[in-house]
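The data block below is model.cif; it holds mmCIF, C-alpha atoms.
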data_entry
#
loop_
_atom_site.label_atom_id
_atom_site.label_comp_id
_atom_site.auth_asym_id
_atom_site.auth_seq_id
_atom_site.Cartn_x
_atom_site.Cartn_y
_atom_site.Cartn_z
CA MET A 869 131.41 256.79 67.16
CA GLY A 870 129.41 257.36 63.97
CA GLU A 871 129.59 254.78 61.20
CA TYR A 872 133.31 254.05 61.13
CA PRO A 873 133.31 250.74 63.08
CA ASN A 874 131.06 249.28 60.36
CA LEU A 875 132.95 251.00 57.55
CA LEU A 876 136.46 249.94 58.54
CA THR A 877 137.80 246.50 59.30
CA LEU A 878 140.42 245.83 61.98
CA PRO A 879 143.38 246.08 59.57
CA ASP A 880 141.96 249.32 58.18
CA GLU A 881 141.84 250.72 61.70
CA PHE A 882 145.39 249.63 62.43
CA VAL A 883 146.70 251.23 59.23
CA LEU A 884 144.74 254.40 59.99
CA LEU A 885 146.47 254.65 63.37
CA LEU A 886 149.85 254.35 61.64
CA HIS A 887 149.16 257.56 59.71
CA LYS A 888 149.93 260.84 61.44
CA PRO A 889 147.87 264.03 61.04
CA SER A 890 150.91 265.54 59.26
CA GLY A 891 150.49 263.05 56.42
CA SER A 892 153.55 260.99 57.31
CA HIS A 893 153.31 257.63 59.02
CA VAL A 894 155.07 255.45 61.55
CA VAL A 895 157.42 253.41 59.42
CA GLY A 896 159.22 250.12 59.76
CA ALA A 897 160.26 247.14 57.70
CA ASN A 898 157.69 244.97 59.47
CA SER A 899 154.67 247.24 59.24
CA ASN A 900 153.02 244.56 57.11
CA THR A 901 153.23 242.12 60.01
CA GLY A 902 150.90 244.12 62.23
CA THR A 903 148.49 244.74 59.36
CA ALA A 904 148.50 241.07 58.33
CA ALA A 905 147.88 240.02 61.94
CA ALA A 906 144.95 242.42 62.02
CA GLU A 907 143.57 240.73 58.88
CA ILE A 908 143.56 237.37 60.62
CA GLY A 909 142.01 239.01 63.67
CA GLU A 910 139.19 240.35 61.51
CA LEU A 911 138.53 236.89 60.10
CA VAL A 912 138.46 235.41 63.60
CA LEU A 913 135.96 238.08 64.63
CA ARG A 914 133.77 237.12 61.66
CA GLY A 915 133.96 233.41 62.42
CA ARG A 916 135.93 232.71 59.24
CA MET A 917 139.00 231.36 61.06
CA ALA A 918 139.71 229.71 64.39
CA PRO A 919 143.01 229.85 66.31
CA HIS A 920 144.64 226.60 67.47
CA GLY A 921 147.61 227.41 69.65
CA THR A 922 149.97 229.42 67.46
CA ALA A 923 148.18 228.36 64.26
CA VAL A 924 144.87 229.31 62.64
CA GLN A 925 142.42 227.15 60.70
CA LEU A 926 139.99 228.12 57.98
CA LEU A 927 136.29 227.72 58.78
CA ASP A 928 134.40 229.51 56.01
CA THR A 929 135.48 230.50 52.48
CA ALA A 930 132.20 232.07 51.32
CA SER A 931 132.50 235.41 49.53
CA SER A 932 132.66 238.38 51.88
CA GLY A 933 132.13 241.14 49.33
CA GLN A 934 135.51 242.65 50.26
CA PRO A 935 138.25 242.02 47.67
CA TRP A 936 141.16 241.85 50.13
CA MET A 937 139.30 239.38 52.32
CA ASP A 938 138.22 237.11 49.48
CA GLN A 939 141.77 237.11 48.09
CA LEU A 940 143.20 236.23 51.49
CA LEU A 941 140.66 233.43 52.05
CA ALA A 942 141.51 231.93 48.65
CA GLN A 943 145.25 232.11 49.34
CA PHE A 944 144.82 230.60 52.79
CA GLN A 945 142.69 227.78 51.42
CA GLN A 946 145.39 226.94 48.91
CA VAL A 947 148.07 226.85 51.63
CA ALA A 948 145.88 224.81 54.01
CA GLY A 949 145.32 222.19 51.32
CA ARG A 950 142.48 219.72 50.85
CA GLU A 951 142.70 218.55 54.45
CA ASN A 952 142.42 222.14 55.68
CA GLN A 953 145.41 221.90 57.95
CA PRO A 954 145.98 224.67 60.52
CA VAL A 955 148.62 227.13 59.34
CA GLU A 956 151.21 228.61 61.68
CA LEU A 957 150.41 232.28 62.14
CA GLY A 958 154.02 233.49 62.23
CA TRP A 959 154.77 231.72 58.95
CA TRP A 960 151.60 232.97 57.24
CA LEU A 961 152.19 236.61 58.14
CA GLN A 962 155.41 236.63 56.12
CA LEU A 963 153.38 235.92 52.97
CA ARG A 964 151.26 239.07 53.29
CA SER A 965 154.00 241.40 52.12
CA ASN A 966 151.55 243.93 50.66
CA ALA A 967 149.08 244.10 53.55
CA PHE A 968 149.91 247.66 54.62
CA LEU A 969 149.66 249.11 51.11
CA ALA A 970 146.47 247.16 50.39
CA HIS A 971 144.69 248.66 53.36
CA ARG A 972 146.12 252.11 52.75
CA ALA A 973 144.44 251.87 49.32
CA VAL A 974 141.16 250.88 51.00
CA LEU A 975 141.35 253.95 53.23
CA VAL A 976 142.06 256.20 50.25
CA ASP A 977 139.14 254.73 48.29
CA ARG A 978 136.80 255.35 51.22
CA GLY A 979 137.98 258.90 51.77
CA VAL A 980 139.50 258.17 55.18
CA LEU A 981 142.97 259.09 53.87
CA ARG A 982 143.50 262.10 51.60
CA VAL A 983 146.50 261.81 49.28
CA GLU A 984 148.84 264.75 48.77
CA ARG A 985 151.10 264.01 45.80
CA ARG A 986 154.66 265.26 46.32
CA LYS A 987 158.17 264.78 44.94
CA PHE A 988 161.34 264.75 47.03
CA LEU A 989 163.98 266.92 45.30
CA GLY A 990 161.53 267.10 42.44
CA LEU A 991 162.23 263.49 41.50
CA LEU A 992 161.35 260.84 44.07
CA PRO A 993 157.74 260.17 45.12
CA ASP A 994 157.15 261.57 48.60
CA ASP A 995 153.37 261.41 48.89
CA ARG A 996 151.55 262.29 52.09
CA TYR A 997 148.41 260.54 53.35
CA HIS A 998 146.35 262.76 55.63
CA PRO A 999 143.88 260.86 57.83
CA ASP A 1000 140.35 262.01 58.53
CA ARG A 1001 140.97 263.60 61.92
CA SER A 1002 137.51 262.94 63.31
CA ILE A 1003 137.59 259.22 62.49
CA ARG A 1004 141.15 258.75 63.70
CA GLY A 1005 140.42 260.85 66.79
CA ALA A 1006 137.35 258.79 67.65
CA LEU A 1007 139.36 255.58 67.30
CA LEU A 1008 142.10 256.95 69.54
CA ALA A 1009 139.54 258.11 72.10
CA GLU A 1010 138.13 254.59 72.23
CA LEU A 1011 141.60 253.13 72.82
CA HIS A 1012 142.38 255.74 75.48
CA GLY A 1013 139.12 254.88 77.22
CA LEU A 1014 140.22 251.26 77.32
CA ALA A 1015 143.73 252.21 78.45
CA ARG A 1016 142.30 254.28 81.33
CA GLY A 1017 140.09 251.40 82.42
CA GLU A 1018 136.92 253.32 81.54
CA THR A 1019 135.85 251.12 78.61
CA PRO A 1020 135.65 247.32 78.92
CA PRO A 1021 137.04 245.56 75.84
CA ASP A 1022 134.95 243.65 73.37
CA GLY A 1023 136.55 241.31 70.85
CA ARG A 1024 137.45 243.95 68.30
CA LEU A 1025 138.84 246.44 70.79
CA ALA A 1026 140.86 243.76 72.59
CA LEU A 1027 142.52 242.74 69.33
CA LEU A 1028 143.20 246.34 68.32
CA ALA A 1029 144.70 247.10 71.73
CA ALA A 1030 146.93 244.03 71.48
CA LEU A 1031 148.12 245.04 68.01
CA VAL A 1032 148.88 248.58 69.21
CA HIS A 1033 150.82 247.21 72.18
CA ARG A 1034 152.73 244.42 70.44
CA SER A 1035 153.76 246.68 67.56
CA GLY A 1036 155.04 249.37 69.92
CA LEU A 1037 152.57 251.79 68.41
CA ASP A 1038 151.36 252.73 71.89
CA HIS A 1039 154.61 254.69 72.35
CA ALA A 1040 154.25 256.50 69.03
CA LEU A 1041 150.63 257.39 69.83
CA GLY A 1042 151.63 258.97 73.13
CA PHE A 1043 150.00 256.60 75.61
CA GLU A 1044 151.26 257.22 79.14
CA ARG A 1045 153.07 254.52 81.07
CA ASP A 1046 150.08 253.35 83.12
CA GLN A 1047 147.96 253.29 79.97
CA ARG A 1048 150.55 251.16 78.16
CA THR A 1049 150.47 248.81 81.15
CA ARG A 1050 146.71 248.44 80.71
CA LEU A 1051 147.08 247.73 76.99
CA ARG A 1052 149.73 245.13 77.77
CA ALA A 1053 147.38 243.48 80.26
CA VAL A 1054 144.72 243.17 77.56
CA ALA A 1055 147.27 241.77 75.11
CA ASP A 1056 148.32 239.26 77.79
CA ARG A 1057 144.67 238.17 78.23
CA GLU A 1058 144.35 239.56 81.75
CA GLU A 1059 141.03 240.90 83.07
CA LEU A 1060 139.27 240.76 79.72
CA GLY A 1061 135.80 240.63 81.22
CA ASP A 1062 132.72 238.96 79.77
CA HIS A 1063 132.54 240.64 76.35
CA VAL A 1064 135.59 239.07 74.70
CA PRO A 1065 134.73 235.84 72.84
CA THR A 1066 136.73 232.69 73.49
CA ALA A 1067 138.03 232.71 69.91
CA VAL A 1068 139.42 236.22 70.39
CA THR A 1069 141.15 235.17 73.60
CA ALA A 1070 142.74 232.32 71.66
CA MET A 1071 143.81 234.78 68.95
CA LEU A 1072 145.43 237.00 71.58
CA ARG A 1073 147.42 233.97 72.69
CA ALA A 1074 148.51 233.23 69.11
CA MET A 1075 149.63 236.83 68.72
CA THR A 1076 152.18 236.45 71.52
CA THR A 1077 154.44 234.67 69.02
CA ILE A 1078 154.42 237.60 66.58
CA PRO A 1079 157.60 239.73 66.53
CA ALA A 1080 157.26 243.47 66.99
CA ALA A 1081 155.48 244.80 63.92
CA ILE A 1082 157.10 248.22 63.71
CA PRO A 1083 160.13 249.86 65.27
CA MET A 1084 159.38 253.36 66.48
CA ALA A 1085 160.65 255.67 63.79
CA GLY A 1086 158.96 258.62 62.17
CA GLY A 1087 158.05 258.66 58.54
#
Please lay out the structure from this file as structure tokens.
Amino acid sequence: MGEYPNLLTLPDEFVLLLHKPSGSHVVGANSNTGTAAAEIGELVLRGRMAPHGTAVQLLDTASSGQPWMDQLLAQFQQVAGRENQPVELGWWLQLRSNAFLAHRAVLVDRGVLRVERRKFLGLLPDDRYHPDRSIRGALLAELHGLARGETPPDGRLALLAALVHRSGLDHALGFERDQRTRLRAVADREELGDHVPTAVTAMLRAMTTIPAAIPMAGG
């Protein structure tokens, strides 16, 4: 898999999957929801947050070295207040209205997306973002391995599979019916195996309250 799992965070991976090789992307008014949920998933993976039912609670606000993450931690701390109250996940996700664009910018900065500047009718911005095919292909291969039952999920892969399923992105990515069934089983916390941490299982439960992140339309 090369270096990309260490280079990209969970929301970066989700946004990468949204971008098609043609330079367009799967669009929808709620694309930020899936990306924002992936942000929380990343923080759970890192032990920075803990799910409590349908809410999440802050555990660690130390600097991460990643601007988006430090900004999110500071915002979450402000919302949680001095008593560090758990914050309802569905409510919080509505606040991250720029999540998709923020992680698109991360991918551009790291050379994972190549920008093609264009104008529609010579006037309106109509840029294309071409993904690195090898990185995106490796990520898809990993998900297909999970969907075929060949690869047992770990925490990161379980969360990514759940995001792909709950957003409907599995249809756009061409997963076959039996493969979508497998992804749904992971999202529903069935047969996770021994490599998925308890906190991730709790996060998968919290994610069941999230509305579909993206309707299936082509960009």
Min atom-atom distance to Asn900 of chain A from the set A:Ala942, A:Ala1009, A:Ala923, A:Leu1031, counting only C-alpha atoms, belongs to A:Leu1031
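Using only C-alpha atoms, the shortest contact distance between Leu1008 of chain A and any of A:Thr922, A:Thr877, A:Gln934, A:Leu1028 is found at A:Leu1028.
Straight-line separation from atom CA of Ala1055 of chain A to atom CA of Leu1014 of chain A: 12.0 Å.
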Each segment 1000-1042 of chain A residue no farther than 9 Å from segment 969-993 of chain A, nearest pair in Å, all atoms listed in the file, as a Markdown table:
| residue | atom | partner | partner_atom | distance |
| --- | --- | --- | --- | --- |
| A:Asp1000 | CA | A:Val980 | CA | 5.2 |
| A:Arg1001 | CA | A:Val980 | CA | 8.8 |
| A:Ile1003 | CA | A:Val980 | CA | 7.6 |
| A:Arg1004 | CA | A:Val980 | CA | 8.7 |
Quiz item: Using all atoms listed in the file, which residues sit within 10 Å of segment 1064-1079 of chain A once same-chain residues fewer than 4 positions away are excluded, as JSON, numbers by chain?
Solution: {"A": [898, 901, 902, 905, 906, 908, 909, 910, 912, 913, 915, 917, 918, 919, 920, 921, 922, 923, 924, 956, 957, 958, 959, 961, 1020, 1021, 1022, 1023, 1024, 1025, 1026, 1027, 1030, 1031, 1034, 1035, 1054, 1055, 1056, 1057, 1058, 1060]}
For the selection just defined, write its residues with C-alpha atoms to a file, as a PDB file, in the coordinates of the input.
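Dumped everything to out25.pdb:
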ATOM      1  CA  ASN A 898     157.690 244.970  59.470  1.00  0.00           C
ATOM      2  CA  THR A 901     153.230 242.120  60.010  1.00  0.00           C
ATOM      3  CA  GLY A 902     150.900 244.120  62.230  1.00  0.00           C
ATOM      4  CA  ALA A 905     147.880 240.020  61.940  1.00  0.00           C
ATOM      5  CA  ALA A 906     144.950 242.420  62.020  1.00  0.00           C
ATOM      6  CA  ILE A 908     143.560 237.370  60.620  1.00  0.00           C
ATOM      7  CA  GLY A 909     142.010 239.010  63.670  1.00  0.00           C
ATOM      8  CA  GLU A 910     139.190 240.350  61.510  1.00  0.00           C
ATOM      9  CA  VAL A 912     138.460 235.410  63.600  1.00  0.00           C
ATOM     10  CA  LEU A 913     135.960 238.080  64.630  1.00  0.00           C
ATOM     11  CA  GLY A 915     133.960 233.410  62.420  1.00  0.00           C
ATOM     12  CA  MET A 917     139.000 231.360  61.060  1.00  0.00           C
ATOM     13  CA  ALA A 918     139.710 229.710  64.390  1.00  0.00           C
ATOM     14  CA  PRO A 919     143.010 229.850  66.310  1.00  0.00           C
ATOM     15  CA  HIS A 920     144.640 226.600  67.470  1.00  0.00           C
ATOM     16  CA  GLY A 921     147.610 227.410  69.650  1.00  0.00           C
ATOM     17  CA  THR A 922     149.970 229.420  67.460  1.00  0.00           C
ATOM     18  CA  ALA A 923     148.180 228.360  64.260  1.00  0.00           C
ATOM     19  CA  VAL A 924     144.870 229.310  62.640  1.00  0.00           C
ATOM     20  CA  GLU A 956     151.210 228.610  61.680  1.00  0.00           C
ATOM     21  CA  LEU A 957     150.410 232.280  62.140  1.00  0.00           C
ATOM     22  CA  GLY A 958     154.020 233.490  62.230  1.00  0.00           C
ATOM     23  CA  TRP A 959     154.770 231.720  58.950  1.00  0.00           C
ATOM     24  CA  LEU A 961     152.190 236.610  58.140  1.00  0.00           C
ATOM     25  CA  PRO A1020     135.650 247.320  78.920  1.00  0.00           C
ATOM     26  CA  PRO A1021     137.040 245.560  75.840  1.00  0.00           C
ATOM     27  CA  ASP A1022     134.950 243.650  73.370  1.00  0.00           C
ATOM     28  CA  GLY A1023     136.550 241.310  70.850  1.00  0.00           C
ATOM     29  CA  ARG A1024     137.450 243.950  68.300  1.00  0.00           C
ATOM     30  CA  LEU A1025     138.840 246.440  70.790  1.00  0.00           C
ATOM     31  CA  ALA A1026     140.860 243.760  72.590  1.00  0.00           C
ATOM     32  CA  LEU A1027     142.520 242.740  69.330  1.00  0.00           C
ATOM     33  CA  ALA A1030     146.930 244.030  71.480  1.00  0.00           C
ATOM     34  CA  LEU A1031     148.120 245.040  68.010  1.00  0.00           C
ATOM     35  CA  ARG A1034     152.730 244.420  70.440  1.00  0.00           C
ATOM     36  CA  SER A1035     153.760 246.680  67.560  1.00  0.00           C
ATOM     37  CA  VAL A1054     144.720 243.170  77.560  1.00  0.00           C
ATOM     38  CA  ALA A1055     147.270 241.770  75.110  1.00  0.00           C
ATOM     39  CA  ASP A1056     148.320 239.260  77.790  1.00  0.00           C
ATOM     40  CA  ARG A1057     144.670 238.170  78.230  1.00  0.00           C
ATOM     41  CA  GLU A1058     144.350 239.560  81.750  1.00  0.00           C
ATOM     42  CA  LEU A1060     139.270 240.760  79.720  1.00  0.00           C
TER      43      LEU A1060
END
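For the pair atom CA of Leu926 of chain A and atom CA of Ala1053 of chain A, the interatomic distance is 28.1 Å.
Atom to atom, atom CA of Phe882 of chain A and atom CA of Tyr997 of chain A stand 14.5 Å apart.
Near Lys888 of chain A, within 12 Å and counting all atoms listed in the file, sit A:Val883, A:Leu884, A:Leu885, A:Leu886, A:Ser890, A:Gly891, A:Ser892, A:His893, A:Val894, A:Val895, A:Leu981, A:Arg982, A:Arg996, A:Tyr997, A:His998, A:Pro999, A:Asp1000, A:Arg1001, A:Arg1004, A:Gly1005, A:Leu1008, A:Leu1037, A:Ala1040, A:Leu1041, A:Gly1042, A:Gly1086, A:Gly1087, not including residues fewer than 2 positions from it in the same chain.
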* Neighbours of Phe944 of chain A within 10 Å (all atoms listed in the file; same-chain residues fewer than 3 positions away dropped), as a PyMOL selection string? -> chain A and resi 924-926+929+938-941+947-949+952+954-955+960
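Minimum atom-to-atom distance to Leu876 of chain A, evaluated using all atoms listed in the file, belongs to A:Glu907 out of A:Glu1044, A:Asp1062, A:Glu907, A:Asp995.
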Selecting N, CA, C and O atoms, how would segment 924-953 of chain A from this structure be written as a compact mmCIF listing (two decimals), in the first residue's frame?
# COMPACT_ATOMS: atom_id res chain seq x y z
N VAL A 924 -20.22 12.36 21.25
CA VAL A 924 -18.78 12.13 21.38
C VAL A 924 -18.22 13.12 22.39
O VAL A 924 -18.72 14.25 22.53
N GLN A 925 -17.18 12.68 23.11
CA GLN A 925 -16.59 13.51 24.16
C GLN A 925 -15.10 13.68 23.91
O GLN A 925 -14.41 12.74 23.50
N LEU A 926 -14.63 14.87 24.16
CA LEU A 926 -13.23 15.20 23.96
C LEU A 926 -12.36 14.58 25.05
O LEU A 926 -12.70 14.64 26.23
N LEU A 927 -11.23 13.99 24.63
CA LEU A 927 -10.30 13.38 25.58
C LEU A 927 -8.96 14.09 25.63
O LEU A 927 -8.31 14.12 26.67
N ASP A 928 -8.52 14.64 24.50
CA ASP A 928 -7.15 15.17 24.42
C ASP A 928 -7.13 16.33 23.43
O ASP A 928 -7.52 16.16 22.27
N THR A 929 -6.69 17.50 23.88
CA THR A 929 -6.65 18.69 23.02
C THR A 929 -5.23 19.07 22.63
O THR A 929 -5.03 20.14 22.05
N ALA A 930 -4.24 18.24 22.92
CA ALA A 930 -2.86 18.57 22.58
C ALA A 930 -2.71 18.76 21.07
O ALA A 930 -3.43 18.16 20.27
N SER A 931 -1.76 19.60 20.69
CA SER A 931 -1.54 19.89 19.27
C SER A 931 -1.19 18.61 18.51
O SER A 931 -0.42 17.77 18.98
N SER A 932 -1.78 18.49 17.33
CA SER A 932 -1.56 17.31 16.49
C SER A 932 -0.55 17.56 15.38
O SER A 932 -0.06 16.62 14.76
N GLY A 933 -0.28 18.85 15.10
CA GLY A 933 0.59 19.17 13.98
C GLY A 933 -0.16 19.26 12.66
O GLY A 933 0.45 19.58 11.62
N GLN A 934 -1.47 19.01 12.67
CA GLN A 934 -2.29 19.12 11.47
C GLN A 934 -3.29 20.26 11.68
O GLN A 934 -4.12 20.19 12.59
N PRO A 935 -3.23 21.30 10.85
CA PRO A 935 -4.07 22.48 11.08
C PRO A 935 -5.56 22.18 11.19
O PRO A 935 -6.24 22.70 12.09
N TRP A 936 -6.10 21.33 10.31
CA TRP A 936 -7.54 21.07 10.37
C TRP A 936 -7.92 20.40 11.69
O TRP A 936 -8.98 20.70 12.27
N MET A 937 -7.06 19.52 12.16
CA MET A 937 -7.35 18.78 13.38
C MET A 937 -7.27 19.68 14.60
O MET A 937 -8.14 19.64 15.49
N ASP A 938 -6.26 20.53 14.65
CA ASP A 938 -6.12 21.44 15.78
C ASP A 938 -7.27 22.44 15.82
O ASP A 938 -7.78 22.78 16.89
N GLN A 939 -7.69 22.92 14.64
CA GLN A 939 -8.84 23.83 14.57
C GLN A 939 -10.10 23.14 15.07
O GLN A 939 -10.87 23.71 15.85
N LEU A 940 -10.32 21.92 14.64
CA LEU A 940 -11.51 21.18 15.05
C LEU A 940 -11.50 20.93 16.55
O LEU A 940 -12.52 21.09 17.22
N LEU A 941 -10.36 20.53 17.10
CA LEU A 941 -10.26 20.27 18.54
C LEU A 941 -10.58 21.53 19.34
O LEU A 941 -11.27 21.47 20.37
N ALA A 942 -10.08 22.67 18.87
CA ALA A 942 -10.34 23.93 19.57
C ALA A 942 -11.83 24.29 19.50
O ALA A 942 -12.42 24.74 20.50
N GLN A 943 -12.44 24.11 18.34
CA GLN A 943 -13.86 24.40 18.19
C GLN A 943 -14.69 23.47 19.08
O GLN A 943 -15.65 23.90 19.73
N PHE A 944 -14.32 22.20 19.08
CA PHE A 944 -15.08 21.23 19.87
C PHE A 944 -14.96 21.53 21.36
O PHE A 944 -15.94 21.43 22.10
N GLN A 945 -13.77 21.92 21.78
CA GLN A 945 -13.56 22.25 23.19
C GLN A 945 -14.43 23.43 23.60
O GLN A 945 -15.00 23.45 24.71
N GLN A 946 -14.56 24.40 22.72
CA GLN A 946 -15.39 25.56 23.01
C GLN A 946 -16.86 25.15 23.14
O GLN A 946 -17.57 25.62 24.05
N VAL A 947 -17.32 24.28 22.26
CA VAL A 947 -18.72 23.83 22.31
C VAL A 947 -18.96 22.97 23.55
O VAL A 947 -20.01 23.07 24.20
N ALA A 948 -18.01 22.10 23.89
CA ALA A 948 -18.17 21.19 25.03
C ALA A 948 -18.18 21.93 26.36
O ALA A 948 -18.75 21.44 27.35
N GLY A 949 -17.55 23.11 26.39
CA GLY A 949 -17.56 23.92 27.60
C GLY A 949 -16.58 23.43 28.66
O GLY A 949 -15.87 22.44 28.49
N ARG A 950 -16.55 24.14 29.78
CA ARG A 950 -15.60 23.83 30.85
C ARG A 950 -15.81 22.44 31.44
O ARG A 950 -14.87 21.80 31.89
N GLU A 951 -17.05 21.99 31.43
CA GLU A 951 -17.34 20.67 32.00
C GLU A 951 -17.13 19.55 30.99
O GLU A 951 -17.34 18.38 31.31
N ASN A 952 -16.72 19.92 29.78
CA ASN A 952 -16.42 18.93 28.73
C ASN A 952 -17.59 17.97 28.53
O ASN A 952 -17.45 16.75 28.60
N GLN A 953 -18.74 18.54 28.27
CA GLN A 953 -19.93 17.74 28.05
C GLN A 953 -19.86 17.00 26.71
O GLN A 953 -19.34 17.54 25.74
